[in-house]
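Undergrad: My questions all concern the structure below.
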Amino acid sequence: MIIRICRIVAFVLIGTIYSHAHQMNFESPKVMLGIDILRESKFEIVRGMRVGLLTNYTGRASTLESTAEIFSQQSACTLTAIFTPEHGFYTTVPAGDAVENDSLFGVPAYSLYGKNRRPTWSMLKNIDVMVIDIQDIGIRSYTYISSMLTTMDACAETGKRVIILDRPNPLGGLLVDGNVADTSMLSFVSFLPIPYLHGLTICEIAVMANECGWLPKDKQGNPRKAKLEVVKMSNWHRAMTWETTGLAWLPTSPNIPTPNAIRGAAMTGVLGELSLVSIGIGTTLPFQYIGLPQFTSVDCTALGKILPDSDSITGIPTKFRASSGKYASKDCTGLLLTFHNLYTPKLFTAGINLVLELRKIRPEMFEMSSVETANMLMFKKVTGSKELYSLIFNKGSDDAVRAAASRGLEDFLPEREKFLLYTN
């Protein structure tokens, strides 16, 4: 009798779990992406045109069909060229490594992260319109938006139309944090004067850049302006993080396998540029560790205490070993960052607080001589600030560092409001 009851209970539990999983994972996605909307319209806005497509493996319909493959099979238009960003079409090339030209779906696939970071005239001569469908992660230093903007610039110069298919910001549309990049520090890893965490979708970024005159200047000294059209999503609102969209996540690059890796990168990414500690690159949880071989349990406790409230982020004391990256093949003592609240605010600020606490417990690491020149330059580029580095390494007060880490944010917010395409 007991065995039979146990079997019945187990059957009921399995049925309940299956039913719950069915509701969670197999319902139609809540959000319709730009490519879904374009497809539903039977590709009317590109009908009869030769199409260039800036995309990679993440450019997919909500059904997970590749946007490149969808266009390659279209009779309404003709796919004539593909353009790929950093990490290549399949998002497997390590960060910073050049990507070679290729051929995909029967058309040339031009790399925009190799010899050229901007489409050339010869690459564009056989297209009428450039379509862009690529998954960004909501962090200014991620170069997919840089490739989008250099492509917009090239199309503006050559008179080609640009159509951008919108996708969610995985961190949501409410999280805006970090300093606005100084205009003297703009680069491919800080392409626009926007905060480190901008809370914008790729279409919103594109429209703002186009209307604010942020594209490069022409020979007359005037900012170029693209012939830009956007295809909005439906059913997306600003409070939605990736987990609430109903969409499947695909790794956007080797070290962004999950949405939590994005949250970790928002916190620890700039610290990683200094190459002073391991941030978990080379582990299965990149950007979600922080540690050193010589860290103690006291160090871990001190770092854990300055994290946001435990309802948002918990730092679990642990040991980890990376197969590559900083301190590869060495056991590190440190924290595993776990995220409980998907709407965790001010991730960049939390990362700056980690830097400040590290400076207190390991001051010897924050001497000017501790950082290689290449790492110093990259930190300045990624943060879009010379001031922040100078304050951290010249014993600037904690308050001064925090002020530099939010420089320009207050003035940016009302300007940003003008270009939002979605409500809260």
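So you can find residues: chains in the structure tokens are A, B, ... in the order shown, residues in each start at 1, and ligands are numbered from 1 in order.
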Counting only C-alpha atoms, what are the residues of segment 178-249 of chain A within 8 Å of segment 398-416 of chain A, and for each of them which pair of atoms is the nearest and at what distance in Å, to one decimal? Sort the table by chain and rising number, as CSV.

TA:
residue,atom,partner,partner_atom,distance
A:Gly178,CA,A:Ser406,CA,4.8
A:Asn179,CA,A:Ser406,CA,4.0
A:Val180,CA,A:Gly408,CA,5.3
A:Ile194,CA,A:Phe412,CA,7.4
A:Pro195,CA,A:Leu409,CA,6.6
A:Met208,CA,A:Arg416,CA,7.7

Undergrad: Can you write out the residues you just picked, keeping N, CA and C atoms, as a compact mmCIF listing (two decimals), in the first residue's frame?

TA:
# COMPACT_ATOMS: atom_id res chain seq x y z
N GLY A 178 26.21 54.10 -14.52
CA GLY A 178 27.58 54.32 -14.98
C GLY A 178 27.75 55.67 -15.64
N ASN A 179 29.01 56.06 -15.77
CA ASN A 179 29.33 57.36 -16.36
C ASN A 179 29.07 57.37 -17.87
N VAL A 180 28.73 58.54 -18.36
CA VAL A 180 28.64 58.76 -19.81
C VAL A 180 30.06 58.86 -20.34
N ILE A 194 27.22 57.62 -24.07
CA ILE A 194 26.09 57.08 -23.32
C ILE A 194 26.63 56.38 -22.07
N PRO A 195 25.81 56.10 -21.06
CA PRO A 195 26.29 55.41 -19.86
C PRO A 195 26.74 53.98 -20.16
N MET A 208 18.70 57.32 -31.52
CA MET A 208 19.32 58.38 -30.73
C MET A 208 20.61 58.86 -31.38

Undergrad: Any chance you could list, as a ChimeraX atom specification, the residues in segment 29-80 of chain A that come up strand (DSSP E) when DSSP is run on the backbone?

TA: /A:50-55,78-80

Undergrad: Which residue, A:Ser146, A:Ser253, A:Ser390, A:Thr258, has the smallest gap to Ile205 of chain A when you use only C-alpha atoms?

TA: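 Closest to Ile205 of chain A of all the choices is A:Ser146.
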
Undergrad: Which residues are near Met368 of chain A? Cut-off 8 Å, only C-alpha atoms, ignore same chain within fewer than 2 positions. Put them as a short mmCIF file (atom, residue, chain, number, x, y, z; two decimals) with N, CA and C atoms, in the first residue's frame.

TA:
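Now in part.cif:
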data_model
loop_
_atom_site.label_atom_id
_atom_site.label_comp_id
_atom_site.auth_asym_id
_atom_site.auth_seq_id
_atom_site.Cartn_x
_atom_site.Cartn_y
_atom_site.Cartn_z
N PHE A 366 46.97 48.42 -6.10
CA PHE A 366 46.50 49.66 -6.72
C PHE A 366 47.58 50.74 -6.77
N SER A 370 51.45 48.51 -10.71
CA SER A 370 50.81 47.19 -10.68
C SER A 370 50.10 46.85 -11.98
N VAL A 371 49.81 47.85 -12.79
CA VAL A 371 48.99 47.64 -13.99
C VAL A 371 49.83 47.85 -15.24
N PHE A 393 43.76 55.08 -8.86
CA PHE A 393 45.17 54.75 -8.65
C PHE A 393 45.99 55.89 -8.05
N ASN A 394 45.37 57.04 -7.82
CA ASN A 394 46.06 58.14 -7.15
C ASN A 394 45.42 58.46 -5.81
#

Undergrad: Counting only C-alpha atoms, which residues of segment 87-198 of chain A fall within 8 Å of segment 209-232 of chain A, and what is the closest atom pair for each with its distance in Å at one decimal, ordered by chain and rising number, as a tab-separated table?

TA:
residue	atom	partner	partner_atom	distance
A:Leu149	CA	A:Leu215	CA	7.2
A:Thr150	CA	A:Leu215	CA	8.0
A:Met152	CA	A:Ala226	CA	5.9
A:Asp153	CA	A:Leu215	CA	6.2
A:Cys155	CA	A:Ala226	CA	6.5
A:Ala156	CA	A:Ala226	CA	4.3
A:Glu157	CA	A:Arg224	CA	7.1
A:Gly159	CA	A:Lys227	CA	7.5
A:Lys160	CA	A:Lys227	CA	7.1
A:Arg161	CA	A:Lys227	CA	5.0
A:Val162	CA	A:Leu228	CA	4.9
A:Ile163	CA	A:Glu229	CA	4.8
A:Ile164	CA	A:Val230	CA	4.9
A:Leu165	CA	A:Val231	CA	5.0
A:Asp166	CA	A:Lys232	CA	5.4
A:Leu192	CA	A:Trp214	CA	7.0

Undergrad: With only C-alpha atoms as the counted atoms, please give the residues lying no more than 7 Å from Arg167 of chain A, apart from itself and same-chain residues fewer than 5 positions off, as a list in words.

TA: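 What passes the distance filter is Leu33, Gly34, Gln135, Thr201, Ile202 and Met233 of chain A.
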
Undergrad: Restricting the output to N, CA and C atoms, write the selected residues as a compact mmCIF listing (two decimals), in the first residue's frame.

TA:
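Saved to result33.txt:
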# COMPACT_ATOMS: atom_id res chain seq x y z
N LEU A 33 9.75 39.54 -31.93
CA LEU A 33 10.95 40.28 -32.31
C LEU A 33 10.73 41.05 -33.61
N GLY A 34 11.66 41.93 -33.91
CA GLY A 34 11.59 42.68 -35.16
C GLY A 34 11.52 41.77 -36.38
N GLN A 135 21.86 40.47 -31.52
CA GLN A 135 21.51 40.55 -30.11
C GLN A 135 22.60 41.27 -29.32
N THR A 201 17.33 49.56 -26.30
CA THR A 201 17.39 48.50 -27.31
C THR A 201 18.26 49.00 -28.47
N ILE A 202 18.61 48.08 -29.39
CA ILE A 202 19.48 48.51 -30.49
C ILE A 202 18.79 49.54 -31.37
N MET A 233 9.60 45.69 -31.75
CA MET A 233 9.03 44.46 -31.19
C MET A 233 7.59 44.73 -30.78

Undergrad: Just want the 7 Å neighbourhood of segment 323-337 of chain A, counted on only C-alpha atoms, with same-chain residues fewer than 2 positions away dropped. Output as JSON, numbers by chain.

TA: {"A": [275, 277, 278, 281, 282, 283, 288, 289, 290, 291, 292, 293, 295, 296, 300, 313, 314, 315, 316, 317, 318, 319, 320, 321, 339]}

Undergrad: Please save N, CA and C atoms of the selected residues as a PDB file, in the first residue's frame.

TA:
ATOM      1  N   SER A 275      43.249  43.422 -15.076  1.00  0.00           N
ATOM      2  CA  SER A 275      43.975  42.150 -14.941  1.00  0.00           C
ATOM      3  C   SER A 275      44.679  42.029 -13.589  1.00  0.00           C
ATOM      4  N   VAL A 277      42.772  40.722 -10.775  1.00  0.00           N
ATOM      5  CA  VAL A 277      42.146  39.558 -10.158  1.00  0.00           C
ATOM      6  C   VAL A 277      41.531  38.703 -11.255  1.00  0.00           C
ATOM      7  N   SER A 278      41.169  37.486 -10.902  1.00  0.00           N
ATOM      8  CA  SER A 278      40.403  36.647 -11.824  1.00  0.00           C
ATOM      9  C   SER A 278      38.925  36.980 -11.673  1.00  0.00           C
ATOM     10  N   ILE A 281      36.902  34.303 -16.098  1.00  0.00           N
ATOM     11  CA  ILE A 281      37.125  33.969 -17.503  1.00  0.00           C
ATOM     12  C   ILE A 281      37.924  32.668 -17.550  1.00  0.00           C
ATOM     13  N   GLY A 282      37.474  31.728 -18.364  1.00  0.00           N
ATOM     14  CA  GLY A 282      38.108  30.414 -18.393  1.00  0.00           C
ATOM     15  C   GLY A 282      37.432  29.409 -17.485  1.00  0.00           C
ATOM     16  N   THR A 283      36.309  29.813 -16.856  1.00  0.00           N
ATOM     17  CA  THR A 283      35.476  28.885 -16.088  1.00  0.00           C
ATOM     18  C   THR A 283      34.125  28.762 -16.786  1.00  0.00           C
ATOM     19  N   GLN A 288      31.340  35.784 -13.207  1.00  0.00           N
ATOM     20  CA  GLN A 288      30.557  35.556 -11.984  1.00  0.00           C
ATOM     21  C   GLN A 288      31.419  35.136 -10.796  1.00  0.00           C
ATOM     22  N   TYR A 289      32.734  35.124 -11.002  1.00  0.00           N
ATOM     23  CA  TYR A 289      33.674  34.911  -9.904  1.00  0.00           C
ATOM     24  C   TYR A 289      34.524  36.163  -9.741  1.00  0.00           C
ATOM     25  N   ILE A 290      35.054  36.330  -8.553  1.00  0.00           N
ATOM     26  CA  ILE A 290      36.089  37.327  -8.323  1.00  0.00           C
ATOM     27  C   ILE A 290      37.013  36.759  -7.263  1.00  0.00           C
ATOM     28  N   GLY A 291      38.313  36.665  -7.576  1.00  0.00           N
ATOM     29  CA  GLY A 291      39.205  36.053  -6.605  1.00  0.00           C
ATOM     30  C   GLY A 291      40.668  36.116  -6.991  1.00  0.00           C
ATOM     31  N   LEU A 292      41.491  35.648  -6.049  1.00  0.00           N
ATOM     32  CA  LEU A 292      42.942  35.606  -6.186  1.00  0.00           C
ATOM     33  C   LEU A 292      43.464  34.351  -5.503  1.00  0.00           C
ATOM     34  N   PRO A 293      44.617  33.826  -5.919  1.00  0.00           N
ATOM     35  CA  PRO A 293      45.204  32.697  -5.192  1.00  0.00           C
ATOM     36  C   PRO A 293      45.506  33.041  -3.735  1.00  0.00           C
ATOM     37  N   PHE A 295      43.937  35.293  -1.785  1.00  0.00           N
ATOM     38  CA  PHE A 295      42.807  35.790  -0.996  1.00  0.00           C
ATOM     39  C   PHE A 295      42.599  34.926   0.245  1.00  0.00           C
ATOM     40  N   THR A 296      42.105  35.556   1.317  1.00  0.00           N
ATOM     41  CA  THR A 296      41.775  34.849   2.550  1.00  0.00           C
ATOM     42  C   THR A 296      40.270  34.893   2.769  1.00  0.00           C
ATOM     43  N   CYS A 300      37.280  37.655   1.585  1.00  0.00           N
ATOM     44  CA  CYS A 300      35.984  37.290   0.992  1.00  0.00           C
ATOM     45  C   CYS A 300      34.827  37.900   1.776  1.00  0.00           C
ATOM     46  N   ILE A 313      21.904  40.257  -4.859  1.00  0.00           N
ATOM     47  CA  ILE A 313      23.148  39.570  -5.214  1.00  0.00           C
ATOM     48  C   ILE A 313      23.752  38.980  -3.953  1.00  0.00           C
ATOM     49  N   THR A 314      24.194  37.747  -4.049  1.00  0.00           N
ATOM     50  CA  THR A 314      24.918  37.112  -2.951  1.00  0.00           C
ATOM     51  C   THR A 314      26.303  36.725  -3.442  1.00  0.00           C
ATOM     52  N   GLY A 315      27.311  37.026  -2.635  1.00  0.00           N
ATOM     53  CA  GLY A 315      28.665  36.566  -2.917  1.00  0.00           C
ATOM     54  C   GLY A 315      28.964  35.360  -2.042  1.00  0.00           C
ATOM     55  N   ILE A 316      29.040  34.191  -2.646  1.00  0.00           N
ATOM     56  CA  ILE A 316      29.272  32.956  -1.893  1.00  0.00           C
ATOM     57  C   ILE A 316      30.770  32.667  -1.848  1.00  0.00           C
ATOM     58  N   PRO A 317      31.380  32.589  -0.655  1.00  0.00           N
ATOM     59  CA  PRO A 317      32.803  32.249  -0.577  1.00  0.00           C
ATOM     60  C   PRO A 317      33.065  30.897  -1.232  1.00  0.00           C
ATOM     61  N   THR A 318      34.114  30.822  -2.019  1.00  0.00           N
ATOM     62  CA  THR A 318      34.365  29.600  -2.778  1.00  0.00           C
ATOM     63  C   THR A 318      35.810  29.547  -3.233  1.00  0.00           C
ATOM     64  N   LYS A 319      36.169  28.442  -3.856  1.00  0.00           N
ATOM     65  CA  LYS A 319      37.426  28.313  -4.596  1.00  0.00           C
ATOM     66  C   LYS A 319      37.074  27.966  -6.031  1.00  0.00           C
ATOM     67  N   PHE A 320      37.881  28.437  -6.978  1.00  0.00           N
ATOM     68  CA  PHE A 320      37.641  28.104  -8.380  1.00  0.00           C
ATOM     69  C   PHE A 320      38.974  28.048  -9.117  1.00  0.00           C
ATOM     70  N   ARG A 321      38.961  27.376 -10.245  1.00  0.00           N
ATOM     71  CA  ARG A 321      40.162  27.253 -11.066  1.00  0.00           C
ATOM     72  C   ARG A 321      39.779  27.481 -12.526  1.00  0.00           C
ATOM     73  N   PHE A 339      22.784  35.873  -8.639  1.00  0.00           N
ATOM     74  CA  PHE A 339      21.799  36.940  -8.824  1.00  0.00           C
ATOM     75  C   PHE A 339      20.407  36.391  -8.559  1.00  0.00           C
TER      76      PHE A 339
END

Undergrad: What does the distance between atom CA of Ser141 of chain A and atom CA of Gly172 of chain A come to in Å, to one decimal place?

TA: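 That distance, rounded to one decimal, is 17.0 Å.
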
Undergrad: Let me make sure I understand: among A:Ala322, A:Met185, A:Leu174, A:Leu358, which one has the smallest atom-to-atom distance to Thr344 of chain A if we use only C-alpha atoms?

TA: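 Counting only C-alpha atoms, the residue closest to Thr344 of chain A is A:Leu174.
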
Undergrad: Would you mind telling me which residue in A:Pro254, A:Gly280, A:Pro363, A:Pro259 lies nearest to Thr241 of chain A when using only C-alpha atoms?

TA: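 Selected residue with least distance to Thr241 of chain A: A:Pro259.
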
Undergrad: Can you work out which one of A:Ser111, A:Thr58, A:Asn353, A:Ser397 has the shortest atom-to-atom distance to Asp136 of chain A, counting only C-alpha atoms?

TA: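 Answer, going by the shortest atom-to-atom distance: A:Thr58.
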
Undergrad: Write out as a PyMOL selection string all residues of segment 38-263 of chain A that backbone DSSP assigns to helix (DSSP H, G or I).

TA: chain A and resi 38-40+44-46+67-72+121-124+144-158+183-185+202-211+242-244+259-263

Undergrad: Report the distance between atom CA of Glu40 of chain A and atom CA of Gly88 of chain A in Å, rounded to one decimal place.

TA: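 Taking atom CA of Glu40 of chain A as the start and atom CA of Gly88 of chain A as the end point, the length is 28.2 Å.
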
Undergrad: With only C-alpha atoms as the counted atoms, please give the residues lying no more than 10 Å from Thr183 of chain A, apart from itself and same-chain residues fewer than 3 positions off, as a VMD selection string.

TA: chain A and resid 180 186 to 187 190 to 194 384 to 385

Undergrad: Can you work out which one of A:Leu354, A:Ile45, A:Ala206, A:Ile82 has the shortest atom-to-atom distance to Thr268 of chain A, counting only C-alpha atoms?

TA: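 Under the stated criterion, the closest residue is A:Leu354.
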
Undergrad: Skipping near chain neighbours, those fewer than 4 positions away, what residues fall within 10 Å of Phe71 of chain A using only C-alpha atoms, listed as JSON, numbers by chain?

TA: {"A": [39, 43, 51, 52, 53, 66, 67, 75, 76, 77, 78, 79, 80, 105]}
